[in-house]
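Dropping target-v5.pdb in here (PDB, C-alpha atoms):
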```
ATOM      1  CA  MET F   1     -13.318  11.197  15.211  1.00  0.00           C
ATOM      2  CA  LEU F   2     -10.371  13.568  15.355  1.00  0.00           C
ATOM      3  CA  VAL F   3      -8.419  11.526  12.781  1.00  0.00           C
ATOM      4  CA  ILE F   4     -11.307  11.755  10.310  1.00  0.00           C
ATOM      5  CA  ASP F   5     -11.508  15.526  10.779  1.00  0.00           C
ATOM      6  CA  ILE F   6      -7.768  15.897  10.160  1.00  0.00           C
ATOM      7  CA  TYR F   7      -7.991  13.680   7.056  1.00  0.00           C
ATOM      8  CA  LEU F   8     -10.909  15.695   5.646  1.00  0.00           C
ATOM      9  CA  PHE F   9      -9.040  18.929   6.326  1.00  0.00           C
ATOM     10  CA  ILE F  10      -5.959  17.694   4.451  1.00  0.00           C
ATOM     11  CA  VAL F  11      -8.063  16.462   1.507  1.00  0.00           C
ATOM     12  CA  ASN F  12      -9.866  19.809   1.293  1.00  0.00           C
ATOM     13  CA  VAL F  13      -6.585  21.757   1.355  1.00  0.00           C
ATOM     14  CA  LEU F  14      -5.150  19.548  -1.393  1.00  0.00           C
ATOM     15  CA  LYS F  15      -8.289  19.952  -3.496  1.00  0.00           C
ATOM     16  CA  GLU F  16      -8.124  23.730  -3.147  1.00  0.00           C
ATOM     17  CA  ASN F  17      -4.504  23.738  -4.292  1.00  0.00           C
ATOM     18  CA  ASN F  18      -5.118  21.173  -7.060  1.00  0.00           C
ATOM     19  CA  ASN F  19      -2.525  18.840  -5.525  1.00  0.00           C
ATOM     20  CA  ILE F  20      -4.830  15.887  -4.901  1.00  0.00           C
ATOM     21  CA  ASN F  21      -3.609  14.169  -8.091  1.00  0.00           C
ATOM     22  CA  CYS F  22       0.007  14.334  -6.895  1.00  0.00           C
ATOM     23  CA  LEU F  23      -0.855  11.675  -4.332  1.00  0.00           C
ATOM     24  CA  LEU F  24      -1.675   9.049  -6.969  1.00  0.00           C
ATOM     25  CA  LYS F  25       0.689   7.641  -9.576  1.00  0.00           C
ATOM     26  CA  PRO F  26      -0.034   5.359 -12.524  1.00  0.00           C
ATOM     27  CA  TYR F  27       0.937   1.721 -11.919  1.00  0.00           C
ATOM     28  CA  THR F  28       0.804  -1.175 -14.347  1.00  0.00           C
ATOM     29  CA  VAL F  29       0.161  -4.590 -12.824  1.00  0.00           C
ATOM     30  CA  HIS F  30       1.433  -7.415 -15.047  1.00  0.00           C
ATOM     31  CA  TYR F  31       0.205 -10.961 -14.524  1.00  0.00           C
ATOM     32  CA  ARG F  32       0.182 -14.268 -16.389  1.00  0.00           C
ATOM     33  CA  ASN F  33      -3.010 -16.176 -17.060  1.00  0.00           C
ATOM     34  CA  PHE F  34      -3.524 -19.940 -17.167  1.00  0.00           C
ATOM     35  CA  ASP F  35      -2.080 -20.092 -20.708  1.00  0.00           C
ATOM     36  CA  ASN F  36       1.027 -18.185 -19.530  1.00  0.00           C
ATOM     37  CA  ILE F  37       0.029 -15.127 -21.580  1.00  0.00           C
ATOM     38  CA  ARG F  38       1.157 -11.869 -20.007  1.00  0.00           C
ATOM     39  CA  ILE F  39      -1.684  -9.393 -19.384  1.00  0.00           C
ATOM     40  CA  GLU F  40      -1.581  -5.952 -17.794  1.00  0.00           C
ATOM     41  CA  ASN F  41      -3.999  -3.772 -15.850  1.00  0.00           C
ATOM     42  CA  CYS F  42      -3.437  -0.116 -15.025  1.00  0.00           C
ATOM     43  CA  PHE F  43      -4.386   1.588 -11.767  1.00  0.00           C
ATOM     44  CA  TYR F  44      -3.816   4.922 -10.076  1.00  0.00           C
ATOM     45  CA  ALA F  45      -2.467   4.255  -6.601  1.00  0.00           C
ATOM     46  CA  SER F  46      -0.228   5.771  -3.957  1.00  0.00           C
ATOM     47  CA  ASP F  47       2.225   2.849  -4.005  1.00  0.00           C
ATOM     48  CA  ALA F  48       2.785  -0.599  -5.500  1.00  0.00           C
ATOM     49  CA  TYR F  49       1.068  -2.371  -2.620  1.00  0.00           C
ATOM     50  CA  GLU F  50      -2.100  -0.348  -3.160  1.00  0.00           C
ATOM     51  CA  ALA F  51      -1.922  -1.100  -6.903  1.00  0.00           C
ATOM     52  CA  ARG F  52      -1.733  -4.813  -6.046  1.00  0.00           C
ATOM     53  CA  THR F  53      -4.685  -4.483  -3.677  1.00  0.00           C
ATOM     54  CA  LEU F  54      -6.737  -2.722  -6.357  1.00  0.00           C
ATOM     55  CA  ALA F  55      -5.823  -5.394  -8.913  1.00  0.00           C
ATOM     56  CA  ILE F  56      -6.987  -8.115  -6.533  1.00  0.00           C
ATOM     57  CA  LYS F  57     -10.204  -6.224  -5.867  1.00  0.00           C
ATOM     58  CA  PHE F  58     -11.149  -5.457  -9.481  1.00  0.00           C
ATOM     59  CA  ASN F  59      -9.747  -8.423 -11.445  1.00  0.00           C
ATOM     60  CA  LYS F  60     -11.399 -11.789 -10.839  1.00  0.00           C
ATOM     61  CA  TYR F  61      -8.494 -13.835 -12.198  1.00  0.00           C
ATOM     62  CA  ILE F  62      -6.003 -12.037  -9.951  1.00  0.00           C
ATOM     63  CA  ARG F  63      -8.405 -12.350  -7.016  1.00  0.00           C
ATOM     64  CA  ASP F  64      -8.512 -16.118  -7.564  1.00  0.00           C
ATOM     65  CA  HIS F  65      -4.747 -16.357  -8.338  1.00  0.00           C
ATOM     66  CA  PRO F  66      -2.930 -13.497  -6.516  1.00  0.00           C
ATOM     67  CA  ASN F  67       0.460 -15.120  -7.097  1.00  0.00           C
ATOM     68  CA  SER F  68      -0.018 -14.729 -10.858  1.00  0.00           C
ATOM     69  CA  ILE F  69       1.222 -11.117 -10.536  1.00  0.00           C
ATOM     70  CA  ASP F  70       4.788 -11.012 -11.827  1.00  0.00           C
ATOM     71  CA  LEU F  71       5.483  -7.257 -12.038  1.00  0.00           C
ATOM     72  CA  ILE F  72       4.090  -3.998 -10.684  1.00  0.00           C
ATOM     73  CA  LYS F  73       5.654  -1.009 -12.404  1.00  0.00           C
ATOM     74  CA  CYS F  74       5.237   2.701 -11.685  1.00  0.00           C
ATOM     75  CA  GLU F  75       4.752   4.457 -15.031  1.00  0.00           C
ATOM     76  CA  ASN F  76       5.569   7.904 -13.634  1.00  0.00           C
ATOM     77  CA  ASN F  77       8.878   9.213 -14.969  1.00  0.00           C
TER      78      ASN F  77
END
```
In structure tokens, how does this file's structure come out?
Amino acid sequence: MLVIDIYLFIVNVLKENNNINCLLKPYTVHYRNFDNIRIENCFYASDAYEARTLAIKFNKYIRDHPNSIDLIKCENN
């Protein structure tokens, strides 16, 4: 329970200082479909692994074919 309290405290402090958005960056997940056409999905995530996880969760084709992902690119300059 202590970990949850610490997490909520940190989230509340970040919200008060408007820094909550600094934790997430825009990522583009590129994948190829059955016809070898390159398609992209965009997600806000903390890192590339989380972007991949979100892509698998929200895209049925990627969920069924996770190895179709060929690039995950952070769009933050």
| field | the PyMOL selection byres ((chain F and resi 71-73) around 6) applied to the shown file, residues as a ChimeraX atom specification | value | /F:27-30,69-70,74
| request: Just the residues within 12 Å of F:Lys25, please, counting only C-alpha atoms, with nothing from its chain fewer than 5 positions along; format it as a ChimeraX atom specification. | output: /F:20,42-48,50-51,73-77
If you keep C-alpha atoms, can you produce a file of those selected residues as an mmCIF file, in the frame of the given file?
```cif
data_model
loop_
_atom_site.group_PDB
_atom_site.id
_atom_site.type_symbol
_atom_site.label_atom_id
_atom_site.label_comp_id
_atom_site.auth_asym_id
_atom_site.auth_seq_id
_atom_site.Cartn_x
_atom_site.Cartn_y
_atom_site.Cartn_z
ATOM 1 C CA ILE F 20 -4.830 15.887 -4.901
ATOM 2 C CA CYS F 42 -3.437 -0.116 -15.025
ATOM 3 C CA PHE F 43 -4.386 1.588 -11.767
ATOM 4 C CA TYR F 44 -3.816 4.922 -10.076
ATOM 5 C CA ALA F 45 -2.467 4.255 -6.601
ATOM 6 C CA SER F 46 -0.228 5.771 -3.957
ATOM 7 C CA ASP F 47 2.225 2.849 -4.005
ATOM 8 C CA ALA F 48 2.785 -0.599 -5.500
ATOM 9 C CA GLU F 50 -2.100 -0.348 -3.160
ATOM 10 C CA ALA F 51 -1.922 -1.100 -6.903
ATOM 11 C CA LYS F 73 5.654 -1.009 -12.404
ATOM 12 C CA CYS F 74 5.237 2.701 -11.685
ATOM 13 C CA GLU F 75 4.752 4.457 -15.031
ATOM 14 C CA ASN F 76 5.569 7.904 -13.634
ATOM 15 C CA ASN F 77 8.878 9.213 -14.969
#
```
| query | Just how far from atom CA of F:Pro26 is atom CA of F:Asn59, in Å to one decimal? | reply | 16.9 Å
| field | Interatomic distance, atom CA of F:Glu40 to atom CA of F:Leu23 (Å, one decimal) | value | 22.2 Å
| Chain and number of each residue from the PyMOL selection byres ((chain F and resi 34) around 10), as number ranges by chain | F: 32-33, 35-38, 61, 65, 68
